[in-house]
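Enquirer: The structure file final_14.cif (mmCIF, C-alpha atoms) is provided below.
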```
data_start
#
loop_
_atom_site.label_atom_id
_atom_site.label_comp_id
_atom_site.auth_asym_id
_atom_site.auth_seq_id
_atom_site.Cartn_x
_atom_site.Cartn_y
_atom_site.Cartn_z
CA MET G 42 -128.29 -68.15 117.37
CA ARG G 43 -127.87 -69.00 113.66
CA ILE G 44 -130.26 -67.68 110.98
CA ARG G 45 -130.22 -69.05 107.45
CA ARG G 46 -132.05 -67.18 104.70
CA LYS G 47 -131.75 -67.80 100.94
CA GLY G 48 -128.39 -69.50 101.28
CA LYS G 49 -126.92 -66.84 103.61
CA THR G 50 -126.09 -67.45 107.26
CA VAL G 51 -126.00 -64.91 110.10
CA VAL G 52 -124.65 -65.87 113.55
CA GLN G 53 -125.32 -63.81 116.70
CA TYR G 54 -124.36 -64.51 120.32
CA PHE G 55 -126.43 -63.60 123.42
CA LYS G 56 -126.02 -63.93 127.15
CA THR G 57 -129.40 -65.63 127.60
CA LYS G 58 -131.68 -67.84 125.56
CA ARG G 59 -134.58 -65.38 125.99
CA GLU G 60 -132.57 -62.55 124.39
CA ALA G 61 -131.73 -64.83 121.49
CA SER G 62 -135.37 -65.90 121.09
CA ASP G 63 -136.64 -62.29 121.19
CA PHE G 64 -134.10 -61.23 118.57
CA ALA G 65 -135.00 -64.21 116.35
CA ALA G 66 -138.71 -63.34 116.56
CA LYS G 67 -138.01 -59.72 115.57
CA VAL G 68 -135.84 -60.79 112.61
CA GLU G 69 -138.48 -63.21 111.35
CA ALA G 70 -141.19 -60.56 111.69
CA ASP G 71 -139.10 -58.10 109.67
CA PHE G 72 -138.43 -60.69 107.00
CA ASP G 73 -142.13 -61.48 106.68
CA LYS G 74 -143.07 -57.79 106.61
CA TRP G 75 -140.64 -56.85 103.83
CA SER G 76 -141.35 -60.04 101.91
CA ARG G 77 -145.06 -59.16 101.81
CA LEU G 78 -144.40 -55.54 100.84
CA LEU G 79 -141.86 -56.31 98.12
CA GLY G 80 -143.74 -59.31 96.86
CA GLY G 81 -146.86 -57.18 96.51
CA GLU G 82 -144.98 -54.54 94.52
CA LEU G 83 -143.51 -57.14 92.19
CA LYS G 84 -146.95 -58.65 91.58
CA LYS G 85 -148.62 -55.28 91.12
CA HIS G 86 -146.23 -53.96 88.46
CA SER G 87 -145.43 -55.45 85.06
CA LEU G 88 -142.28 -55.65 82.98
CA ALA G 89 -143.83 -52.98 80.73
CA ASP G 90 -143.95 -50.62 83.74
CA LEU G 91 -140.24 -51.14 84.35
CA ILE G 92 -139.30 -50.70 80.67
CA ASP G 93 -141.44 -47.56 80.27
CA ARG G 94 -139.89 -45.96 83.35
CA TYR G 95 -136.39 -46.86 82.18
CA ILE G 96 -136.95 -45.41 78.69
CA ARG G 97 -138.25 -42.12 80.15
CA GLN G 98 -134.93 -41.52 81.90
CA TRP G 99 -132.65 -43.25 79.37
CA SER G 100 -130.00 -41.05 77.75
CA GLY G 101 -127.67 -43.63 76.24
CA LYS G 102 -125.77 -43.47 72.96
CA ASP G 103 -126.94 -46.71 71.32
CA HIS G 104 -129.98 -45.72 69.26
CA ASN G 105 -131.00 -49.40 68.99
CA THR G 106 -131.65 -49.75 72.73
CA PRO G 107 -135.28 -48.48 72.62
CA SER G 108 -136.18 -50.86 69.78
CA ARG G 109 -134.60 -53.80 71.61
CA LEU G 110 -136.51 -52.97 74.77
CA ALA G 111 -139.65 -52.61 72.64
CA TRP G 112 -139.19 -56.27 71.68
CA TRP G 113 -139.13 -57.30 75.36
CA ARG G 114 -142.17 -55.15 76.05
CA GLU G 115 -144.12 -56.59 73.13
CA HIS G 116 -143.47 -60.24 74.01
CA TYR G 117 -143.23 -60.16 77.83
CA GLY G 118 -144.51 -56.75 78.91
CA GLU G 119 -147.77 -58.07 80.39
CA ARG G 120 -145.95 -60.37 82.81
CA SER G 121 -145.66 -59.16 86.37
CA LEU G 122 -142.19 -58.51 87.73
CA ALA G 123 -142.77 -61.41 90.12
CA GLU G 124 -143.29 -63.76 87.14
CA PHE G 125 -140.42 -62.46 85.04
CA ASN G 126 -137.46 -64.57 86.14
CA ASP G 127 -134.30 -66.21 84.79
CA ASP G 128 -136.32 -69.01 83.19
CA THR G 129 -138.32 -66.38 81.28
CA VAL G 130 -135.10 -64.76 80.10
CA ARG G 131 -133.75 -68.10 78.85
CA GLU G 132 -137.02 -68.71 77.00
CA ALA G 133 -136.75 -65.24 75.45
CA ILE G 134 -133.15 -65.77 74.36
CA ALA G 135 -134.10 -69.02 72.64
CA ARG G 136 -136.88 -67.13 70.88
CA LEU G 137 -134.51 -64.36 69.78
CA LYS G 138 -132.16 -66.94 68.28
CA THR G 139 -134.79 -68.70 66.18
CA GLU G 140 -137.54 -66.26 65.13
CA PRO G 141 -137.41 -64.29 61.86
CA ALA G 142 -135.48 -61.11 62.50
CA PRO G 143 -136.31 -57.64 61.14
CA HIS G 144 -133.94 -56.64 58.36
CA GLY G 145 -133.76 -53.20 56.81
CA GLY G 146 -136.17 -51.69 59.33
CA LYS G 147 -139.50 -52.82 57.86
CA VAL G 148 -139.17 -56.09 55.93
CA VAL G 149 -138.97 -59.31 57.96
CA THR G 150 -136.54 -61.88 56.65
CA GLU G 151 -137.17 -65.61 56.33
CA ALA G 152 -136.68 -67.85 59.36
CA ASP G 153 -133.46 -69.27 57.93
CA LYS G 154 -131.72 -65.98 58.76
CA PRO G 155 -132.06 -65.65 62.56
CA ARG G 156 -130.35 -63.08 64.75
CA SER G 157 -126.64 -63.52 65.26
CA GLY G 158 -125.04 -64.26 68.62
CA PRO G 159 -123.78 -60.67 69.03
CA THR G 160 -127.25 -59.28 68.28
CA VAL G 161 -128.88 -61.59 70.84
CA ASN G 162 -126.32 -60.40 73.39
CA ARG G 163 -127.34 -56.78 72.75
CA TYR G 164 -131.00 -57.61 73.42
CA LYS G 165 -129.99 -59.33 76.66
CA ALA G 166 -127.80 -56.39 77.66
CA ALA G 167 -130.66 -53.94 77.08
CA ILE G 168 -133.06 -55.63 79.52
CA SER G 169 -130.22 -56.25 81.98
CA ALA G 170 -129.40 -52.53 82.00
CA ALA G 171 -133.05 -51.72 82.70
CA TYR G 172 -133.05 -54.08 85.69
CA LYS G 173 -129.76 -52.70 87.03
CA THR G 174 -131.20 -49.20 86.95
CA ALA G 175 -134.38 -50.41 88.67
CA ILE G 176 -132.35 -52.04 91.45
CA ASP G 177 -130.18 -48.95 91.95
CA GLY G 178 -133.22 -46.68 91.95
CA GLY G 179 -135.35 -48.85 94.23
CA TRP G 180 -138.12 -49.22 91.64
CA PHE G 181 -141.11 -51.48 92.35
CA GLY G 182 -139.25 -53.45 95.00
CA VAL G 183 -136.90 -55.04 92.45
CA LYS G 184 -133.95 -56.63 94.22
CA ASP G 185 -132.62 -59.16 91.71
CA ASN G 186 -131.60 -59.03 88.06
CA PRO G 187 -133.02 -62.12 86.29
CA VAL G 188 -130.41 -61.73 83.54
CA ALA G 189 -127.45 -62.00 85.89
CA GLY G 190 -125.62 -65.29 85.58
CA ILE G 191 -126.99 -66.17 82.13
CA ARG G 192 -124.07 -66.80 79.83
CA ALA G 193 -123.72 -64.61 76.75
CA ALA G 194 -123.85 -66.15 73.28
CA LYS G 195 -120.54 -66.67 71.53
CA GLU G 196 -119.60 -63.83 69.24
CA HIS G 197 -117.88 -65.30 66.21
CA THR G 198 -116.30 -62.21 64.76
CA SER G 199 -112.96 -61.23 63.35
CA GLY G 200 -113.00 -58.18 65.61
CA PHE G 201 -112.52 -55.83 62.68
CA GLY G 202 -114.94 -56.62 59.89
CA GLN G 203 -114.93 -56.84 56.12
CA SER G 204 -113.05 -54.34 53.99
CA LEU G 205 -113.99 -52.97 50.56
CA SER G 206 -111.41 -54.21 48.05
CA ASP G 207 -109.58 -51.95 45.62
CA LYS G 208 -111.17 -53.89 42.77
CA ASP G 209 -114.74 -53.39 44.02
CA ARG G 210 -114.42 -49.77 45.15
CA PRO G 211 -114.74 -48.04 41.71
CA ARG G 212 -117.83 -50.11 40.82
CA LEU G 213 -119.47 -49.37 44.15
CA LEU G 214 -118.85 -45.62 43.91
CA GLN G 215 -120.20 -45.58 40.37
CA ALA G 216 -123.35 -47.43 41.47
CA CYS G 217 -123.81 -45.07 44.43
CA ASP G 218 -123.45 -41.99 42.20
CA ALA G 219 -126.16 -43.42 39.92
CA SER G 220 -128.61 -44.07 42.79
CA THR G 221 -132.12 -42.79 42.11
CA LEU G 222 -133.38 -43.87 45.53
CA TRP G 223 -131.00 -41.50 47.31
CA PRO G 224 -128.91 -39.21 45.07
CA ALA G 225 -126.59 -38.26 47.96
CA LEU G 226 -125.48 -41.88 48.48
CA GLY G 227 -122.20 -41.33 46.62
CA VAL G 228 -121.29 -38.39 48.87
CA PHE G 229 -122.23 -40.36 51.98
CA VAL G 230 -120.10 -43.38 50.99
CA ARG G 231 -117.08 -41.21 50.10
CA LEU G 232 -117.25 -39.48 53.48
CA ALA G 233 -117.48 -42.82 55.28
CA LEU G 234 -114.47 -44.18 53.39
CA ALA G 235 -112.40 -41.02 53.81
CA THR G 236 -113.12 -40.34 57.48
CA GLY G 237 -114.04 -43.68 59.03
CA ALA G 238 -117.10 -41.96 60.54
CA ARG G 239 -119.92 -44.15 61.77
CA ARG G 240 -123.25 -44.19 59.96
CA GLY G 241 -125.05 -42.38 62.79
CA GLU G 242 -122.32 -39.75 63.05
CA LEU G 243 -122.71 -38.84 59.37
CA LEU G 244 -126.51 -38.82 59.46
CA LYS G 245 -126.43 -36.37 62.40
CA LEU G 246 -123.93 -34.12 60.63
CA THR G 247 -125.20 -30.55 60.04
CA TRP G 248 -123.86 -27.86 57.72
CA ALA G 249 -122.87 -25.82 60.77
CA ASP G 250 -120.29 -28.53 61.54
CA VAL G 251 -118.82 -28.52 58.02
CA ASP G 252 -115.82 -26.32 57.21
CA LEU G 253 -115.47 -26.47 53.43
CA LYS G 254 -112.80 -23.77 53.35
CA ARG G 255 -110.41 -25.67 55.62
CA GLY G 256 -111.74 -29.04 54.57
CA SER G 257 -112.98 -30.71 57.74
CA ILE G 258 -116.10 -31.88 59.53
CA LEU G 259 -116.92 -31.87 63.25
CA LEU G 260 -118.55 -35.09 64.46
CA ARG G 261 -120.62 -34.39 67.56
CA ASP G 262 -122.08 -36.66 70.20
CA THR G 263 -120.16 -39.70 68.94
CA LYS G 264 -120.49 -43.23 70.29
CA ASN G 265 -117.69 -42.78 72.82
CA GLY G 266 -119.15 -39.47 74.00
CA ASP G 267 -116.46 -37.20 72.54
CA ASP G 268 -116.64 -34.70 69.70
CA ARG G 269 -113.90 -35.00 67.11
CA ARG G 270 -112.85 -32.99 64.05
CA VAL G 271 -111.89 -35.01 60.99
CA PRO G 272 -110.12 -33.63 57.91
CA LEU G 273 -111.57 -34.19 54.43
CA ILE G 274 -109.32 -35.16 51.55
CA GLY G 275 -109.53 -35.90 47.85
CA ASP G 276 -112.81 -36.95 46.28
CA ALA G 277 -114.65 -36.75 49.60
CA LEU G 278 -114.03 -32.99 49.88
CA LYS G 279 -114.86 -32.41 46.20
CA ALA G 280 -118.09 -34.40 46.50
CA LEU G 281 -119.16 -32.55 49.64
CA LYS G 282 -118.51 -29.15 48.03
CA ALA G 283 -120.71 -30.13 45.08
CA HIS G 284 -123.36 -31.45 47.46
CA ALA G 285 -123.33 -28.15 49.37
CA LYS G 286 -124.47 -26.28 46.26
CA VAL G 287 -127.84 -28.08 46.26
CA ARG G 288 -128.49 -28.15 50.00
CA ARG G 289 -132.00 -27.77 51.37
CA MET G 290 -132.80 -24.54 53.17
CA ASP G 291 -135.47 -26.06 55.43
CA ASP G 292 -133.18 -28.73 56.93
CA ALA G 293 -129.81 -28.15 58.62
CA ARG G 294 -128.64 -31.73 58.10
CA VAL G 295 -126.08 -32.56 55.45
CA PHE G 296 -128.08 -35.70 54.65
CA PRO G 297 -131.78 -34.84 55.16
CA GLY G 298 -134.68 -37.22 54.64
CA ARG G 299 -137.93 -36.60 52.85
CA THR G 300 -139.12 -34.56 55.84
CA THR G 301 -137.26 -32.69 58.57
CA GLU G 302 -138.20 -35.47 61.02
CA THR G 303 -137.08 -38.52 59.04
CA PRO G 304 -133.71 -39.94 57.93
CA PRO G 305 -132.95 -40.67 54.26
CA GLN G 306 -133.57 -44.13 52.75
CA VAL G 307 -130.03 -45.27 53.41
CA ASP G 308 -130.52 -49.04 53.57
CA LYS G 309 -132.75 -49.33 50.53
CA ALA G 310 -130.40 -47.24 48.39
CA TRP G 311 -127.32 -49.05 49.74
CA HIS G 312 -128.59 -52.54 48.94
CA ALA G 313 -129.67 -51.45 45.46
CA ALA G 314 -126.17 -50.06 44.84
CA LEU G 315 -124.57 -53.30 46.05
CA THR G 316 -126.74 -55.26 43.63
CA ALA G 317 -125.85 -52.94 40.76
CA ALA G 318 -122.14 -53.21 41.60
CA GLU G 319 -122.40 -57.01 42.01
CA ILE G 320 -120.99 -56.91 45.54
CA ASP G 321 -122.22 -59.33 48.22
CA LYS G 322 -122.52 -58.98 51.98
CA LEU G 323 -120.93 -55.57 52.49
CA ARG G 324 -122.37 -53.50 55.33
CA ILE G 325 -122.31 -49.74 55.62
CA HIS G 326 -120.26 -50.18 58.80
CA ASP G 327 -117.66 -52.01 56.70
CA LEU G 328 -116.83 -48.66 55.08
CA ARG G 329 -115.45 -47.63 58.47
CA HIS G 330 -113.47 -50.87 58.59
CA SER G 331 -112.22 -50.16 55.09
CA CYS G 332 -110.90 -46.76 56.13
CA GLY G 333 -109.11 -48.37 59.06
CA SER G 334 -107.58 -51.03 56.82
CA TYR G 335 -106.35 -48.36 54.35
CA LEU G 336 -104.67 -46.50 57.21
CA ALA G 337 -103.11 -49.70 58.55
CA ARG G 338 -101.89 -50.67 55.09
CA ALA G 339 -100.16 -47.29 54.83
CA GLY G 340 -98.22 -48.02 58.01
CA LEU G 341 -100.07 -45.97 60.63
CA SER G 342 -99.84 -47.35 64.15
CA ALA G 343 -102.79 -48.87 65.98
CA PHE G 344 -102.83 -45.84 68.28
CA GLN G 345 -102.94 -43.35 65.40
CA ILE G 346 -105.76 -45.30 63.74
CA ALA G 347 -107.68 -45.45 67.05
CA ALA G 348 -107.37 -41.68 67.46
CA ILE G 349 -108.48 -40.93 63.88
CA LEU G 350 -111.45 -43.31 63.98
CA GLY G 351 -112.53 -42.21 67.44
CA HIS G 352 -111.98 -45.48 69.29
CA ARG G 353 -111.91 -45.13 73.05
CA SER G 354 -108.85 -47.35 73.39
CA GLY G 355 -106.12 -49.08 71.43
CA PRO G 356 -104.24 -52.33 72.13
CA GLN G 357 -102.39 -52.29 75.45
CA LEU G 358 -102.70 -48.51 75.73
CA THR G 359 -105.70 -46.26 76.00
CA ALA G 360 -106.09 -43.89 73.08
CA ARG G 361 -106.48 -40.93 75.41
CA TYR G 362 -102.69 -40.71 75.39
CA VAL G 363 -102.68 -40.20 71.62
CA HIS G 364 -103.86 -36.67 70.91
CA LEU G 365 -104.14 -35.87 67.21
CA HIS G 366 -105.38 -32.48 66.12
CA ALA G 367 -107.21 -32.16 62.81
CA GLU G 368 -104.16 -30.86 60.93
CA GLU G 369 -101.94 -33.63 62.30
CA SER G 370 -104.57 -36.15 61.23
CA ARG G 371 -104.75 -34.53 57.79
CA GLU G 372 -101.07 -35.13 57.08
CA LEU G 373 -101.36 -38.77 58.12
CA MET G 374 -104.58 -39.37 56.20
CA GLU G 375 -103.43 -37.66 53.02
CA GLY G 376 -100.36 -39.85 52.97
CA ALA G 377 -102.39 -42.97 53.60
CA LEU G 378 -105.52 -42.35 51.52
CA ALA G 379 -104.41 -40.13 48.64
CA GLY G 380 -103.87 -43.08 46.31
CA VAL G 381 -107.15 -44.65 47.35
CA LEU G 382 -109.59 -41.74 47.50
CA GLY G 383 -108.04 -39.08 45.26
CA ASP G 384 -104.96 -36.91 45.37
CA GLY G 385 -106.25 -34.46 47.99
#
```
Could I get this structure in the form of structure tokens?
Expert:
Amino acid sequence: MRIRRKGKTVVQYFKTKREASDFAAKVEADFDKWSRLLGGELKKHSLADLIDRYIRQWSGKDHNTPSRLAWWREHYGERSLAEFNDDTVREAIARLKTEPAPHGGKVVTEADKPRSGPTVNRYKAAISAAYKTAIDGGWFGVKDNPVAGIRAAKEHTSGFGQSLSDKDRPRLLQACDASTLWPALGVFVRLALATGARRGELLKLTWADVDLKRGSILLRDTKNGDDRRVPLIGDALKALKAHAKVRRMDDARVFPGRTTETPPQVDKAWHAALTAAEIDKLRIHDLRHSCGSYLARAGLSAFQIAAILGHRSGPQLTARYVHLHAEESRELMEGALAGVLGDG
């Protein structure tokens, strides 16, 4: 007896035709039973139900995941899970590529600046992760991931990013120091340049993790899941010591917002400083790239740079084999960055 179902074939052998017929009837009955049960679950629950359940148990590191899933919920949340299929995903991807994209958190840009290929891929990855979790957890009878098999958009990137030039750096620091939108911008930028810390790592930094006496900061809950201590040198240490003298007593963060629940106005202040310094198309994340390029220019190996910046791996060798303590990093960074960010 041969059974074909959704492109799959099962072959069984029996001594008599009756045994084969009885077995075939039982298999068909089971298929119909589970098809009705699962089909009913998929029709009864919506994509919003799946997303809401996923967000309740989500504990990932990428803080943009909830907002990306919110986009899926807003545009397709009312569709039942039975209706949400690969064609819907392709329609959504086309929409992501062409619609005006949020920029700066609140202001929506013009339609001539759509989302980039890498950004579209992150939206696709977010909903795919939600479906994978649903399948593994047996939620709502979900058995298939509608995102699976849909090719990712090409990511045209240099793999490293733009670096702040020596010529532009003094003007940018001067503009940041003069910021009225966020007076701490100059301190923030110096720390990013001197440590290679990510934006989120610095914004989560608390005074309890700052050692001004020894000159180091402890970055907790980083993107790769590890804590790491980074030495402070030159102007970055001097700026942070001055900043510590005017710290707020009601907020433990080094860079508090207007309230204890909100972040500072980083983007608004950053773009105003770029305009004042007459610098185009430099992202805050490029400060991290700049630190890496300074270290590379000073002759540090790819593995040393990966360890200092907190990359999970380096070329051809995982960075877990390169263990640099804070004081070892300090010697390397002072030699590499002293001429760029002060004498240390």
Enquirer: Taking into account only C-alpha atoms, which residue in the set G:Ile176, G:Leu341, G:Lys208, G:Ala347 is nearest to Met374 in chain G?
Expert: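 Nearest candidate to Met374 in chain G out of G:Ile176, G:Leu341, G:Lys208, G:Ala347: G:Leu341.
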Enquirer: Using all atoms listed in the file, determine which residues lie at most 10 Å from Asp292 in chain G, disregarding the query and same-chain residues fewer than 5 positions distant; provide the list as a ChimeraX atom specification.
Expert: /G:247-248,297-298,300-302
Enquirer: For Ala314 in chain G, work out the shell of residues within 9 Å, counting all atoms listed in the file and skipping chain neighbours fewer than 4 positions away, then give it as an MDAnalysis selection string.
Expert: chainID G and resid 213:220 226 309:310 318:320
Enquirer: Store the residues picked out above, limited to C-alpha atoms, as an mmCIF file, in the frame of the given file.
Expert:
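See selection_25.cif below for the written result:
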```cif
data_model
loop_
_atom_site.group_PDB
_atom_site.id
_atom_site.type_symbol
_atom_site.label_atom_id
_atom_site.label_comp_id
_atom_site.auth_asym_id
_atom_site.auth_seq_id
_atom_site.Cartn_x
_atom_site.Cartn_y
_atom_site.Cartn_z
ATOM 1 C CA LEU G 213 -119.470 -49.370 44.150
ATOM 2 C CA LEU G 214 -118.850 -45.620 43.910
ATOM 3 C CA GLN G 215 -120.200 -45.580 40.370
ATOM 4 C CA ALA G 216 -123.350 -47.430 41.470
ATOM 5 C CA CYS G 217 -123.810 -45.070 44.430
ATOM 6 C CA ASP G 218 -123.450 -41.990 42.200
ATOM 7 C CA ALA G 219 -126.160 -43.420 39.920
ATOM 8 C CA SER G 220 -128.610 -44.070 42.790
ATOM 9 C CA LEU G 226 -125.480 -41.880 48.480
ATOM 10 C CA LYS G 309 -132.750 -49.330 50.530
ATOM 11 C CA ALA G 310 -130.400 -47.240 48.390
ATOM 12 C CA ALA G 318 -122.140 -53.210 41.600
ATOM 13 C CA GLU G 319 -122.400 -57.010 42.010
ATOM 14 C CA ILE G 320 -120.990 -56.910 45.540
#
```
Enquirer: With all atoms listed in the file as the counted atoms, please give the residues lying no more than 10 Å from Arg43 in chain G, apart from itself and same-chain residues fewer than 6 positions off, as a list of chain:residue names.
Expert: G:Thr50, G:Val51, G:Val52, G:Gln53, G:Tyr54, G:Ala61, G:Ala65
Enquirer: Find the spatial neighbours of Asp268 in chain G, counting only C-alpha atoms, within a cut-off of 12 Å - ignore same-chain residues fewer than 2 positions away - and output them as a PyMOL selection string.
Expert: chain G and resi 238+242+246+250+258-266+270-271+348-353+367
Enquirer: Using all atoms listed in the file, pick whichever of G:Gly237, G:Arg45, G:Trp112, G:Ser334 has the shortest atom-to-atom distance to Asp207 in chain G.
Expert: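 Smallest separation from Asp207 in chain G among the options: G:Ser334.
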Enquirer: Quote the spacing between CA of Leu273 in chain G and CA of Leu253 in chain G in Å to one decimal place.
Expert: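 Going from CA of Leu273 in chain G over to CA of Leu253 in chain G, I get 8.7 Å.
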Enquirer: Interatomic distance between CA of Ala142 in chain G and CA of Ser100 in chain G?
Expert: 25.8 Å
Enquirer: Kindly resolve the PyMOL selection byres ((chain G and resi 181) around 7) on the present coordinates and return the residues as a ChimeraX atom specification.
Expert: /G:82-83,86,179-180,182-183
Enquirer: Give as a list in words the residues that the PyMOL selection byres ((chain G and resi 167) around 10) matches when applied to the coordinates above.
Expert: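 Applying the PyMOL selection byres ((chain G and resi 167) around 10) to the structure shown produces Ile92, Asp103, Asn105, Thr106, Pro107, Ser108, Arg109, Leu110, Trp113, Asn162, Arg163, Tyr164, Lys165, Ala166, Ile168, Ser169, Ala170, Ala171 and Tyr172 of chain G.
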Enquirer: Applied to the shown file, which residues does the PyMOL selection byres ((chain G and resi 188) around 8) return, written as a PyMOL selection string?
Expert: chain G and resi 127+130+165+168-169+186-187+189-191
Enquirer: Between G:Arg299, G:His284, G:Lys184, G:His330, which has the minimum distance to Thr236 in chain G (counting all atoms listed in the file)?
Expert: G:His330
Enquirer: Would you work out the distance separating CA of His326 in chain G from CA of His312 in chain G, expressed in Å to one decimal?
Expert: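 Computing it gives 13.1 Å between the two atoms.
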Enquirer: Which is closest to Pro272 in chain G among G:Ala66, G:Val230, G:Val251, G:Met42, if we use all atoms listed in the file?
Expert: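 Ranking G:Ala66, G:Val230, G:Val251, G:Met42 by distance to Pro272 in chain G, first place goes to G:Val251.
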Enquirer: List every protein, DNA or RNA residue that has at least one atom no more than 12 Å from (-114.8, -49.6, 56.5) in the file's coordinates, counting all atoms listed in the file, and write the result as a VMD selection string.
Expert: chain G and resid 201 to 206 210 230 to 240 323 to 337 350
Enquirer: Write the residues of the preceding selection, restricted to C-alpha atoms, as a compact mmCIF listing (two decimals), in the coordinates of the input.
Expert:
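result-v2.txt, written as the output of this step:
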```
# COMPACT_ATOMS: atom_id res chain seq x y z
CA PHE G 201 -112.52 -55.83 62.68
CA GLY G 202 -114.94 -56.62 59.89
CA GLN G 203 -114.93 -56.84 56.12
CA SER G 204 -113.05 -54.34 53.99
CA LEU G 205 -113.99 -52.97 50.56
CA SER G 206 -111.41 -54.21 48.05
CA ARG G 210 -114.42 -49.77 45.15
CA VAL G 230 -120.10 -43.38 50.99
CA ARG G 231 -117.08 -41.21 50.10
CA LEU G 232 -117.25 -39.48 53.48
CA ALA G 233 -117.48 -42.82 55.28
CA LEU G 234 -114.47 -44.18 53.39
CA ALA G 235 -112.40 -41.02 53.81
CA THR G 236 -113.12 -40.34 57.48
CA GLY G 237 -114.04 -43.68 59.03
CA ALA G 238 -117.10 -41.96 60.54
CA ARG G 239 -119.92 -44.15 61.77
CA ARG G 240 -123.25 -44.19 59.96
CA LEU G 323 -120.93 -55.57 52.49
CA ARG G 324 -122.37 -53.50 55.33
CA ILE G 325 -122.31 -49.74 55.62
CA HIS G 326 -120.26 -50.18 58.80
CA ASP G 327 -117.66 -52.01 56.70
CA LEU G 328 -116.83 -48.66 55.08
CA ARG G 329 -115.45 -47.63 58.47
CA HIS G 330 -113.47 -50.87 58.59
CA SER G 331 -112.22 -50.16 55.09
CA CYS G 332 -110.90 -46.76 56.13
CA GLY G 333 -109.11 -48.37 59.06
CA SER G 334 -107.58 -51.03 56.82
CA TYR G 335 -106.35 -48.36 54.35
CA LEU G 336 -104.67 -46.50 57.21
CA ALA G 337 -103.11 -49.70 58.55
CA LEU G 350 -111.45 -43.31 63.98
```
Enquirer: Ranking G:Phe125, G:Phe344, G:Ala283, G:Arg97 by minimum distance to Val295 in chain G and counting only C-alpha atoms, which one comes first?
Expert: G:Ala283
Enquirer: Using only C-alpha atoms, which of the listed residues (G:His116, G:Trp311, G:Lys254, G:Ala193) sits closest to Thr221 in chain G?
Expert: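 Counting only C-alpha atoms, the residue closest to Thr221 in chain G is G:Trp311.
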